[in-house]
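*Asks:* Dropping in coords-v5.txt, which is compact mmCIF, C-alpha atoms and all ligand atoms:
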# COMPACT_ATOMS: atom_id res chain seq x y z
CA MET A 253 26.27 -12.05 7.31
CA PHE A 254 25.36 -14.66 4.71
CA THR A 255 28.67 -16.49 4.73
CA SER A 256 30.42 -17.64 1.59
CA GLY A 257 31.03 -21.37 1.45
CA MET A 258 27.35 -21.90 2.04
CA SER A 259 25.93 -24.35 -0.43
CA PRO A 260 24.19 -22.54 -3.26
CA ALA A 261 20.71 -21.72 -2.13
CA LYS A 262 19.12 -22.33 -5.50
CA THR A 263 15.66 -23.58 -4.79
CA ARG A 264 13.49 -24.82 -7.61
CA GLY A 265 15.67 -23.07 -10.18
CA ARG A 266 15.45 -19.61 -8.65
CA PRO A 267 17.45 -17.90 -5.94
CA PHE A 268 16.41 -18.16 -2.32
CA THR A 269 14.20 -15.09 -2.22
CA VAL A 270 13.80 -12.85 0.82
CA ILE A 271 11.34 -9.96 0.76
CA VAL A 272 11.83 -7.06 3.17
CA GLU A 273 8.55 -5.54 4.25
CA GLY A 274 7.58 -2.64 6.47
CA ASN A 275 5.95 0.75 6.63
CA ILE A 276 7.27 3.90 4.93
CA GLY A 277 10.37 4.92 6.96
CA SER A 278 10.87 1.53 8.61
CA GLY A 279 14.53 1.32 7.54
CA LYS A 280 14.30 -1.03 4.58
CA THR A 281 17.09 0.77 2.72
CA THR A 282 19.42 0.52 5.74
CA PHE A 283 18.63 -3.20 5.95
CA LEU A 284 19.33 -3.73 2.25
CA ASN A 285 22.59 -1.77 2.43
CA HIS A 286 23.74 -3.93 5.33
CA PHE A 287 23.30 -7.14 3.34
CA ASN A 288 24.43 -5.67 0.02
CA ARG A 289 28.07 -6.18 1.00
CA ASN A 290 27.85 -9.90 0.43
CA ALA A 291 28.67 -11.24 -3.03
CA GLU A 292 26.12 -14.02 -2.67
CA VAL A 293 23.25 -11.60 -2.19
CA CYS A 294 21.58 -9.76 -5.05
CA VAL A 295 19.79 -6.74 -3.60
CA LEU A 296 16.85 -5.24 -5.48
CA ALA A 297 15.73 -1.92 -4.03
CA GLU A 298 12.25 -0.61 -4.69
CA PRO A 299 12.28 0.72 -8.28
CA ILE A 300 11.21 4.18 -7.16
CA GLU A 301 13.07 5.89 -10.03
CA LEU A 302 10.88 3.98 -12.51
CA TRP A 303 7.79 5.13 -10.61
CA ARG A 304 9.10 8.68 -10.78
CA ASN A 305 9.77 8.50 -14.48
CA CYS A 306 7.39 6.38 -16.55
CA LYS A 307 8.01 7.83 -20.00
CA GLY A 308 8.57 11.19 -18.33
CA GLN A 309 5.61 10.95 -15.92
CA ASN A 310 6.18 11.03 -12.16
CA LEU A 311 3.50 8.54 -11.15
CA LEU A 312 4.49 8.66 -7.47
CA ALA A 313 4.00 12.43 -7.33
CA LEU A 314 0.70 12.21 -9.24
CA MET A 315 -0.57 9.59 -6.83
CA TYR A 316 0.14 11.68 -3.74
CA GLU A 317 -1.23 14.83 -5.42
CA ASP A 318 -4.58 13.18 -6.18
CA ILE A 319 -4.70 9.68 -4.81
CA LYS A 320 -8.21 8.82 -6.01
CA ARG A 321 -7.41 9.89 -9.57
CA TRP A 322 -4.04 8.17 -9.83
CA SER A 323 -4.05 5.19 -7.45
CA PHE A 324 -4.95 2.71 -10.19
CA THR A 325 -2.32 4.03 -12.60
CA PHE A 326 0.35 4.00 -9.92
CA GLN A 327 -0.51 0.61 -8.43
CA SER A 328 -0.76 -1.03 -11.87
CA TYR A 329 2.75 0.14 -12.65
CA VAL A 330 4.04 -0.91 -9.22
CA GLN A 331 2.66 -4.40 -9.86
CA LEU A 332 4.39 -4.59 -13.24
CA THR A 333 7.74 -3.39 -11.88
CA MET A 334 7.51 -5.80 -8.94
CA LEU A 335 6.79 -8.68 -11.33
CA GLU A 336 9.92 -7.72 -13.23
CA GLN A 337 11.97 -7.82 -10.02
CA HIS A 338 10.56 -11.15 -8.85
CA THR A 339 11.36 -12.79 -12.17
CA ARG A 340 14.68 -11.04 -12.88
CA LYS A 341 17.44 -13.58 -13.42
CA THR A 342 20.50 -13.43 -11.18
CA SER A 343 23.54 -15.63 -10.74
CA CYS A 344 23.47 -14.96 -6.96
CA PRO A 345 22.07 -17.72 -4.75
CA ILE A 346 20.14 -15.22 -2.62
CA LYS A 347 17.83 -12.45 -3.80
CA LEU A 348 16.84 -9.75 -1.32
CA MET A 349 13.90 -7.60 -2.45
CA GLU A 350 12.56 -4.39 -0.99
CA ARG A 351 8.82 -5.03 -0.82
CA SER A 352 7.04 -7.33 -3.23
CA ILE A 353 4.05 -8.03 -5.39
CA TYR A 354 2.42 -9.30 -2.17
CA SER A 355 2.68 -6.05 -0.19
CA ALA A 356 1.60 -4.23 -3.34
CA ARG A 357 -1.67 -6.16 -3.32
CA TYR A 358 -2.20 -6.98 0.35
CA CYS A 359 -1.08 -3.70 1.94
CA PHE A 360 -1.24 -0.80 -0.48
CA VAL A 361 -4.09 -1.76 -2.83
CA GLU A 362 -6.02 -3.29 0.06
CA LYS A 363 -5.66 -0.16 2.17
CA MET A 364 -6.74 2.07 -0.71
CA LEU A 365 -9.75 -0.16 -1.30
CA GLN A 366 -10.77 -0.16 2.37
CA ASP A 367 -10.54 3.63 2.50
CA GLY A 368 -12.30 4.26 -0.82
CA LEU A 369 -9.11 5.66 -2.38
CA ILE A 370 -9.28 3.24 -5.30
CA HIS A 371 -12.48 2.27 -7.13
CA GLY A 372 -13.66 -1.30 -6.59
CA ALA A 373 -13.51 -1.86 -10.35
CA SER A 374 -9.86 -0.74 -10.48
CA ALA A 375 -8.94 -2.94 -7.52
CA ALA A 376 -10.71 -5.86 -9.22
CA VAL A 377 -8.58 -5.44 -12.36
CA ILE A 378 -5.38 -5.27 -10.31
CA ASP A 379 -6.48 -8.35 -8.38
CA GLN A 380 -7.24 -10.33 -11.54
CA GLN A 381 -3.78 -9.50 -12.85
CA PHE A 382 -2.27 -10.42 -9.47
CA GLN A 383 -4.04 -13.80 -9.43
CA TRP A 384 -2.90 -14.52 -12.98
CA ILE A 385 0.68 -13.61 -12.09
CA ARG A 386 0.61 -15.90 -9.04
CA SER A 387 -0.65 -18.78 -11.14
CA TYR A 388 1.61 -18.46 -14.15
CA ALA A 389 4.80 -16.62 -13.09
CA ASP A 390 7.36 -17.71 -10.51
CA VAL A 391 6.87 -15.06 -7.86
CA ASP A 392 7.33 -17.47 -4.95
CA VAL A 393 9.32 -16.27 -1.97
CA ASP A 394 11.15 -18.14 0.77
CA LEU A 395 11.31 -15.73 3.68
CA ILE A 396 9.71 -12.45 4.77
CA VAL A 397 11.61 -10.02 6.98
CA TYR A 398 9.16 -7.67 8.68
CA LEU A 399 10.74 -4.44 9.92
CA ARG A 400 8.24 -3.69 12.65
CA THR A 401 7.87 -0.09 13.79
CA THR A 402 5.39 2.18 15.47
CA PRO A 403 3.59 4.80 13.37
CA GLU A 404 5.00 7.60 15.57
CA VAL A 405 8.61 6.62 14.84
CA VAL A 406 8.15 6.25 11.09
CA TYR A 407 6.24 9.50 10.86
CA GLU A 408 9.18 11.30 12.47
CA ARG A 409 11.65 9.58 10.09
CA MET A 410 9.55 10.39 7.05
CA MET A 411 9.44 14.06 8.04
CA GLN A 412 13.21 14.09 8.47
CA ARG A 413 13.82 12.32 5.15
CA ASN A 414 11.73 15.01 3.49
CA ARG A 415 11.07 13.20 0.20
CA ALA A 416 9.31 15.71 -2.07
CA GLU A 417 6.44 13.40 -3.10
CA GLU A 418 5.71 12.38 0.52
CA LYS A 419 5.00 15.90 1.83
CA SER A 420 1.25 15.25 1.80
CA VAL A 421 1.44 11.87 3.61
CA SER A 422 -0.43 12.20 6.89
CA PHE A 423 0.10 10.47 10.22
CA GLU A 424 -3.31 8.82 9.74
CA TYR A 425 -2.19 7.31 6.41
CA LEU A 426 0.97 5.89 8.02
CA LYS A 427 -1.06 4.56 10.94
CA ALA A 428 -3.45 2.85 8.53
CA LEU A 429 -0.53 1.34 6.60
CA HIS A 430 0.96 0.22 9.92
CA ASP A 431 -2.27 -1.52 10.90
CA ILE A 432 -2.50 -3.40 7.65
CA HIS A 433 1.14 -4.55 7.82
CA GLU A 434 0.42 -5.73 11.39
CA ASP A 435 -2.67 -7.66 10.30
CA TRP A 436 -0.83 -9.31 7.44
CA LEU A 437 2.59 -10.04 8.97
CA PHE A 438 2.19 -9.99 12.75
CA HIS A 439 -1.35 -11.05 13.64
CA LYS A 440 -1.52 -13.08 10.40
CA THR A 441 -5.23 -12.41 9.99
CA LEU A 442 -5.13 -10.90 6.49
CA TYR A 443 -4.81 -12.97 3.32
CA ASP A 444 -2.16 -15.65 3.02
CA LEU A 445 1.49 -15.47 3.90
CA PRO A 446 3.69 -16.54 1.00
CA ALA A 447 6.53 -17.55 3.38
CA GLN A 448 7.61 -17.62 7.03
CA VAL A 449 8.06 -14.25 8.73
CA VAL A 450 11.02 -13.01 10.79
CA VAL A 451 10.03 -9.93 12.82
CA LEU A 452 12.68 -7.32 13.72
CA ASP A 453 12.35 -4.37 16.07
CA ALA A 454 12.93 -1.58 13.55
CA ASN A 455 12.13 1.23 15.98
CA LEU A 456 15.79 1.16 17.04
CA ASP A 457 18.11 3.90 15.81
CA LYS A 458 20.81 3.25 13.17
CA GLU A 459 23.39 1.82 15.63
CA GLY A 460 20.90 -0.30 17.53
CA ILE A 461 19.36 -1.66 14.38
CA ILE A 462 22.70 -3.00 13.12
CA ASP A 463 22.91 -5.08 16.32
CA GLU A 464 19.37 -6.26 15.65
CA TYR A 465 20.40 -7.32 12.12
CA ARG A 466 23.44 -9.17 13.51
CA LYS A 467 21.18 -10.95 15.96
CA CYS A 468 18.94 -12.11 13.18
CA GLU A 469 21.64 -13.16 10.72
CA PRO A 470 22.02 -16.69 12.08
CA HIS A 471 18.25 -16.93 12.24
CA ILE A 472 17.91 -15.94 8.61
CA LEU A 473 20.84 -18.15 7.64
CA ASP A 474 19.30 -21.04 9.52
CA LYS A 475 16.06 -20.59 7.65
CA ILE A 476 17.94 -20.54 4.36
CA MET A 477 19.90 -23.67 5.15
CA THR A 478 16.77 -25.49 6.32
CA ASN A 479 15.02 -24.53 3.14
CA VAL A 480 17.93 -25.62 0.98
CA LYS A 481 18.06 -29.03 2.66
CA ALA A 482 14.28 -29.52 2.46
O1 LIG A 501 8.16 3.45 -1.02
C1 LIG A 501 8.26 4.63 -1.72
C2 LIG A 501 6.94 5.37 -1.75
O2 LIG A 501 6.00 4.70 -2.60
C3 LIG A 501 6.27 5.51 -0.40
O3 LIG A 501 5.78 6.84 -0.27
C4 LIG A 501 5.12 4.56 -0.43
C5 LIG A 501 4.79 4.43 -1.90
N1 LIG A 501 4.37 3.09 -2.27
C6 LIG A 501 3.04 2.84 -2.57
O4 LIG A 501 2.21 3.75 -2.49
N2 LIG A 501 2.62 1.58 -2.97
C7 LIG A 501 3.54 0.59 -3.01
C8 LIG A 501 4.89 0.83 -2.66
C9 LIG A 501 5.29 2.10 -2.29
C10 LIG A 501 5.55 -0.39 -2.77
C11 LIG A 501 4.62 -1.30 -3.17
C12 LIG A 501 4.85 -2.74 -3.42
N3 LIG A 501 3.39 -0.70 -3.30
Taking this structure as input, can you express it in the form of structure tokens?
Ligand code: 8LK
*Replies:*
Amino acid sequence: MFTSGMSPAKTRGRPFTVIVEGNIGSGKTTFLNHFNRNAEVCVLAEPIELWRNCKGQNLLALMYEDIKRWSFTFQSYVQLTMLEQHTRKTSCPIKLMERSIYSARYCFVEKMLQDGLIHGASAAVIDQQFQWIRSYADVDVDLIVYLRTTPEVVYERMMQRNRAEEKSVSFEYLKALHDIHEDWLFHKTLYDLPAQVVVLDANLDKEGIIDEYRKCEPHILDKIMTNVKA
């Protein structure tokens, strides 16, 4: 656990920022809940309720109903809500975010572009906004935790979770999202990495994964302390 008594991890006027990345069903919520018990950690879950209710419109449902029609609308709003989370002020020294403006652009928009699910013109507008945000807003991060899974395991979890909007998500879509996460965070062949990556085996079940978190706590702490001293 991030121990109290640690010197405040304020880096460059913002909290030490950890983004938790991984496929749909990779256990990000379980990870966040585990670290949420610490007073020094501000946990920001994915703002899915905002995506489900943008002035009464369920953008998440619309996107999965007709991805080509709604991908731009949905991804534009995701980018805005992620910007809000990156820049949200907190008195905690550590901010833990579920996904980020980076996975929005590098995984989801990129995947949609590769598969022709978003028009090139729409992706270009999102990218221009993304580049502007990176230049003028403080969306820097200090550490990436990659919850690494296999597509088979997350497909099974997604089916069990049974989220209404995700009923139409196919194994192929999850596999494609898996591949792009792998390219970005494991093989490191896609775009830039905004911070160092810690990779966890997130195929483990709920009990096993807690042990995996415990194993990585000193590692994460070490990274934080190194960063604070630097
Ligand atoms: O994570 C909740 C749901 O939203 C899941 O079905 C995947 C989808 N989603 C998406 O399509 N694009 C996204 C995110 C989530 C998160 C980011 C940053 N971009």
*Asks:* Within 10 Å of stretch 404-417 of chain A, counting all atoms listed in the file, which residues show up once you throw out same-chain ones fewer than 3 positions away? Write them as JSON, numbers by chain, please.
*Replies:* {"A": [275, 276, 277, 278, 279, 304, 310, 311, 312, 313, 314, 315, 316, 317, 401, 420, 421, 422, 423, 424, 425, 426, 427, 430, 454, 455, 456, 457]}
*Asks:* When the cut-off is 6 Å and you count only C-alpha atoms and all ligand atoms, which residues lie near ligand LIG 501 (chain A), shown as an MDAnalysis selection string?
*Replies:* chainID A and resid 276 330 351:353 355:356 360 418
*Asks:* Mind giving me the axis-aligned box for stretch 442-449 of chain A with 6 Å on every side, centre plus edges in Å to one decimal, as AutoDock Vina command-line options?
*Replies:*
--center_x 1.5 --center_y -14.3 --center_z 4.9 --size_x 25.2 --size_y 18.7 --size_z 19.7
*Asks:* Just the number, please: distance in Å from atom CA of A:Gln337 to atom CA of A:Asp394, one decimal.
*Replies:*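 Interatomic distance here is 15.0 Å.
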*Asks:* Between stretch 338-417 of chain A and stretch 283-290 of chain A, at 12 Å or less, what are the per-residue closest atom pairs and their distances in Å? Count all atoms listed in the file, order by chain and rising residue number, and return it as a Markdown table.
*Replies:*
| residue | atom | partner | partner_atom | distance |
| --- | --- | --- | --- | --- |
| A:Cys344 | CA | A:Asn290 | CA | 10.0 |
| A:Pro345 | CA | A:Asn290 | CA | 11.0 |
| A:Ile346 | CA | A:Asn290 | CA | 9.9 |
| A:Lys347 | CA | A:Asn288 | CA | 10.2 |
| A:Leu348 | CA | A:Leu284 | CA | 7.4 |
| A:Met349 | CA | A:Leu284 | CA | 8.2 |
| A:Glu350 | CA | A:Leu284 | CA | 7.5 |
| A:Arg351 | CA | A:Leu284 | CA | 11.0 |
| A:Val397 | CA | A:Phe283 | CA | 9.8 |
| A:Tyr398 | CA | A:Phe283 | CA | 10.8 |
| A:Leu399 | CA | A:Phe283 | CA | 8.9 |
*Asks:* Take the residues just selected and output them with C-alpha atoms as an mmCIF file, in the frame of the given file.
*Replies:*
data_model
loop_
_atom_site.group_PDB
_atom_site.id
_atom_site.type_symbol
_atom_site.label_atom_id
_atom_site.label_comp_id
_atom_site.auth_asym_id
_atom_site.auth_seq_id
_atom_site.Cartn_x
_atom_site.Cartn_y
_atom_site.Cartn_z
ATOM 1 C CA CYS A 344 23.470 -14.960 -6.960
ATOM 2 C CA PRO A 345 22.070 -17.720 -4.750
ATOM 3 C CA ILE A 346 20.140 -15.220 -2.620
ATOM 4 C CA LYS A 347 17.830 -12.450 -3.800
ATOM 5 C CA LEU A 348 16.840 -9.750 -1.320
ATOM 6 C CA MET A 349 13.900 -7.600 -2.450
ATOM 7 C CA GLU A 350 12.560 -4.390 -0.990
ATOM 8 C CA ARG A 351 8.820 -5.030 -0.820
ATOM 9 C CA VAL A 397 11.610 -10.020 6.980
ATOM 10 C CA TYR A 398 9.160 -7.670 8.680
ATOM 11 C CA LEU A 399 10.740 -4.440 9.920
#
*Asks:* Which residue out of A:Thr281, A:Thr339, A:Gln366, A:Asn305 has the minimum interatomic distance to A:Ile432 when only C-alpha atoms are used?
*Replies:*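 Checking each candidate against A:Ile432, we get A:Gln366 as the closest.
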*Asks:* Can you list, as a ChimeraX atom specification, every protein, DNA or RNA residue that comes within 10 Å of A:Phe438 when you count all atoms listed in the file, leaving out same-chain residues fewer than 6 positions away?
*Replies:* /A:398,400,431-432,449-451
*Asks:* Under the rule that only C-alpha atoms are counted, which of A:Tyr329, A:Tyr358, A:Tyr465, A:Phe268 is the nearest residue to A:Lys440?
*Replies:*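 Under the stated criterion, the closest residue is A:Tyr358.
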*Asks:* Work out how far atom CA of A:Ile271 is from atom CA of A:Gln380, in Å to one decimal.
*Replies:*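 Going from atom CA of A:Gln380 over to atom CA of A:Ile271, I get 22.3 Å.
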*Asks:* So, with only C-alpha atoms as the atoms that count, which of A:Ser323, A:Ser343, A:Thr402, A:Thr282 lies closest to A:Glu434?
*Replies:*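 Residue with the minimum atom-to-atom distance to A:Glu434: A:Thr402.
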*Asks:* Under the rule that all atoms listed in the file are counted, which of A:Lys419, A:Lys363, A:Thr333, A:Cys294 is the nearest residue to A:Asp435?
*Replies:*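 The answer is A:Lys363, which sits nearest to A:Asp435.
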*Asks:* Atom CA of A:Gly265 and atom CA of A:Val393, how far apart in Å?
*Replies:* 12.4 Å
*Asks:* Can you pull out every residue within 9 Å of A:Phe324, counting all atoms listed in the file, but drop anything in the same chain fewer than 2 positions away, and send it as a list in words?
*Replies:*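 Counting all atoms listed in the file, the residues come to Met315, Ile319, Lys320, Arg321, Trp322, Phe326, Gln327, Ser328, Tyr329, Val361, Ile370, His371, Ser374, Ala375 and Ile378 of chain A.
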*Asks:* Once all heavy atoms are restored for stretch 303-314 of chain A, what would the output be as a PDB file, keeping the file's coordinate frame?
*Replies:*
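Below is the file that was written, result.pdb:
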ATOM      1  N   TRP A 303       9.099   4.554 -10.952  1.00  0.00           N
ATOM      2  CA  TRP A 303       7.790   5.130 -10.610  1.00  0.00           C
ATOM      3  C   TRP A 303       7.802   6.648 -10.782  1.00  0.00           C
ATOM      4  O   TRP A 303       6.769   7.260 -11.010  1.00  0.00           O
ATOM      5  CB  TRP A 303       7.413   4.788  -9.157  1.00  0.00           C
ATOM      6  CG  TRP A 303       7.458   3.324  -8.838  1.00  0.00           C
ATOM      7  CD1 TRP A 303       7.465   2.284  -9.728  1.00  0.00           C
ATOM      8  CD2 TRP A 303       7.520   2.722  -7.546  1.00  0.00           C
ATOM      9  NE1 TRP A 303       7.518   1.082  -9.071  1.00  0.00           N
ATOM     10  CE2 TRP A 303       7.553   1.325  -7.729  1.00  0.00           C
ATOM     11  CE3 TRP A 303       7.541   3.228  -6.238  1.00  0.00           C
ATOM     12  CZ2 TRP A 303       7.615   0.431  -6.661  1.00  0.00           C
ATOM     13  CZ3 TRP A 303       7.603   2.343  -5.176  1.00  0.00           C
ATOM     14  CH2 TRP A 303       7.637   0.956  -5.382  1.00  0.00           C
ATOM     15  N   ARG A 304       8.979   7.219 -10.625  1.00  0.00           N
ATOM     16  CA  ARG A 304       9.100   8.680 -10.780  1.00  0.00           C
ATOM     17  C   ARG A 304       9.247   9.095 -12.232  1.00  0.00           C
ATOM     18  O   ARG A 304       9.151  10.276 -12.556  1.00  0.00           O
ATOM     19  CB  ARG A 304      10.357   9.164 -10.047  1.00  0.00           C
ATOM     20  CG  ARG A 304      10.155   9.367  -8.571  1.00  0.00           C
ATOM     21  CD  ARG A 304      11.436   9.854  -7.951  1.00  0.00           C
ATOM     22  NE  ARG A 304      11.231  10.369  -6.614  1.00  0.00           N
ATOM     23  CZ  ARG A 304      12.102  10.204  -5.627  1.00  0.00           C
ATOM     24  NH1 ARG A 304      13.216   9.538  -5.827  1.00  0.00           N
ATOM     25  NH2 ARG A 304      11.854  10.718  -4.446  1.00  0.00           N
ATOM     26  N   ASN A 305       9.527   8.139 -13.092  1.00  0.00           N
ATOM     27  CA  ASN A 305       9.770   8.500 -14.480  1.00  0.00           C
ATOM     28  C   ASN A 305       9.285   7.382 -15.406  1.00  0.00           C
ATOM     29  O   ASN A 305      10.062   6.590 -15.911  1.00  0.00           O
ATOM     30  CB  ASN A 305      11.263   8.770 -14.694  1.00  0.00           C
ATOM     31  CG  ASN A 305      11.561   9.234 -16.098  1.00  0.00           C
ATOM     32  OD1 ASN A 305      10.646   9.417 -16.919  1.00  0.00           O
ATOM     33  ND2 ASN A 305      12.837   9.412 -16.406  1.00  0.00           N
ATOM     34  N   CYS A 306       7.971   7.339 -15.608  1.00  0.00           N
ATOM     35  CA  CYS A 306       7.390   6.380 -16.550  1.00  0.00           C
ATOM     36  C   CYS A 306       7.133   7.160 -17.834  1.00  0.00           C
ATOM     37  O   CYS A 306       6.162   7.921 -17.927  1.00  0.00           O
ATOM     38  CB  CYS A 306       6.087   5.807 -15.973  1.00  0.00           C
ATOM     39  SG  CYS A 306       5.210   4.716 -17.087  1.00  0.00           S
ATOM     40  N   LYS A 307       8.055   7.030 -18.766  1.00  0.00           N
ATOM     41  CA  LYS A 307       8.010   7.830 -20.000  1.00  0.00           C
ATOM     42  C   LYS A 307       7.830   9.319 -19.675  1.00  0.00           C
ATOM     43  O   LYS A 307       6.973  10.001 -20.246  1.00  0.00           O
ATOM     44  CB  LYS A 307       6.894   7.344 -20.923  1.00  0.00           C
ATOM     45  CG  LYS A 307       7.116   5.930 -21.397  1.00  0.00           C
ATOM     46  CD  LYS A 307       6.311   5.613 -22.622  1.00  0.00           C
ATOM     47  CE  LYS A 307       6.780   4.312 -23.229  1.00  0.00           C
ATOM     48  NZ  LYS A 307       6.085   3.972 -24.449  1.00  0.00           N
ATOM     49  N   GLY A 308       8.593   9.777 -18.683  1.00  0.00           N
ATOM     50  CA  GLY A 308       8.570  11.190 -18.330  1.00  0.00           C
ATOM     51  C   GLY A 308       7.520  11.581 -17.287  1.00  0.00           C
ATOM     52  O   GLY A 308       7.476  12.733 -16.857  1.00  0.00           O
ATOM     53  N   GLN A 309       6.673  10.636 -16.880  1.00  0.00           N
ATOM     54  CA  GLN A 309       5.610  10.950 -15.920  1.00  0.00           C
ATOM     55  C   GLN A 309       6.016  10.494 -14.512  1.00  0.00           C
ATOM     56  O   GLN A 309       6.393   9.337 -14.320  1.00  0.00           O
ATOM     57  CB  GLN A 309       4.312  10.215 -16.296  1.00  0.00           C
ATOM     58  CG  GLN A 309       3.816  10.493 -17.698  1.00  0.00           C
ATOM     59  CD  GLN A 309       3.189  11.877 -17.835  1.00  0.00           C
ATOM     60  OE1 GLN A 309       2.859  12.538 -16.862  1.00  0.00           O
ATOM     61  NE2 GLN A 309       3.033  12.314 -19.066  1.00  0.00           N
ATOM     62  N   ASN A 310       5.896  11.395 -13.549  1.00  0.00           N
ATOM     63  CA  ASN A 310       6.180  11.030 -12.160  1.00  0.00           C
ATOM     64  C   ASN A 310       4.897  10.473 -11.522  1.00  0.00           C
ATOM     65  O   ASN A 310       4.081  11.215 -10.968  1.00  0.00           O
ATOM     66  CB  ASN A 310       6.705  12.240 -11.381  1.00  0.00           C
ATOM     67  CG  ASN A 310       7.155  11.857  -9.973  1.00  0.00           C
ATOM     68  OD1 ASN A 310       6.736  10.838  -9.427  1.00  0.00           O
ATOM     69  ND2 ASN A 310       8.009  12.677  -9.384  1.00  0.00           N
ATOM     70  N   LEU A 311       4.737   9.172 -11.628  1.00  0.00           N
ATOM     71  CA  LEU A 311       3.500   8.540 -11.150  1.00  0.00           C
ATOM     72  C   LEU A 311       3.374   8.622  -9.630  1.00  0.00           C
ATOM     73  O   LEU A 311       2.269   8.740  -9.093  1.00  0.00           O
ATOM     74  CB  LEU A 311       3.439   7.068 -11.590  1.00  0.00           C
ATOM     75  CG  LEU A 311       3.558   6.788 -13.087  1.00  0.00           C
ATOM     76  CD1 LEU A 311       3.351   5.292 -13.360  1.00  0.00           C
ATOM     77  CD2 LEU A 311       2.545   7.598 -13.880  1.00  0.00           C
ATOM     78  N   LEU A 312       4.511   8.574  -8.935  1.00  0.00           N
ATOM     79  CA  LEU A 312       4.490   8.660  -7.470  1.00  0.00           C
ATOM     80  C   LEU A 312       3.950  10.027  -7.033  1.00  0.00           C
ATOM     81  O   LEU A 312       3.079  10.118  -6.159  1.00  0.00           O
ATOM     82  CB  LEU A 312       5.896   8.429  -6.906  1.00  0.00           C
ATOM     83  CG  LEU A 312       6.028   8.447  -5.381  1.00  0.00           C
ATOM     84  CD1 LEU A 312       5.263   7.286  -4.744  1.00  0.00           C
ATOM     85  CD2 LEU A 312       7.510   8.373  -4.964  1.00  0.00           C
ATOM     86  N   ALA A 313       4.459  11.075  -7.681  1.00  0.00           N
ATOM     87  CA  ALA A 313       4.000  12.430  -7.330  1.00  0.00           C
ATOM     88  C   ALA A 313       2.521  12.585  -7.674  1.00  0.00           C
ATOM     89  O   ALA A 313       1.747  13.134  -6.878  1.00  0.00           O
ATOM     90  CB  ALA A 313       4.839  13.470  -8.068  1.00  0.00           C
ATOM     91  N   LEU A 314       2.118  12.101  -8.849  1.00  0.00           N
ATOM     92  CA  LEU A 314       0.700  12.210  -9.240  1.00  0.00           C
ATOM     93  C   LEU A 314      -0.189  11.527  -8.222  1.00  0.00           C
ATOM     94  O   LEU A 314      -1.229  12.051  -7.826  1.00  0.00           O
ATOM     95  CB  LEU A 314       0.492  11.583 -10.630  1.00  0.00           C
ATOM     96  CG  LEU A 314       1.060  12.373 -11.814  1.00  0.00           C
ATOM     97  CD1 LEU A 314       0.976  11.540 -13.092  1.00  0.00           C
ATOM     98  CD2 LEU A 314       0.307  13.689 -11.998  1.00  0.00           C
TER      99      LEU A 314
END
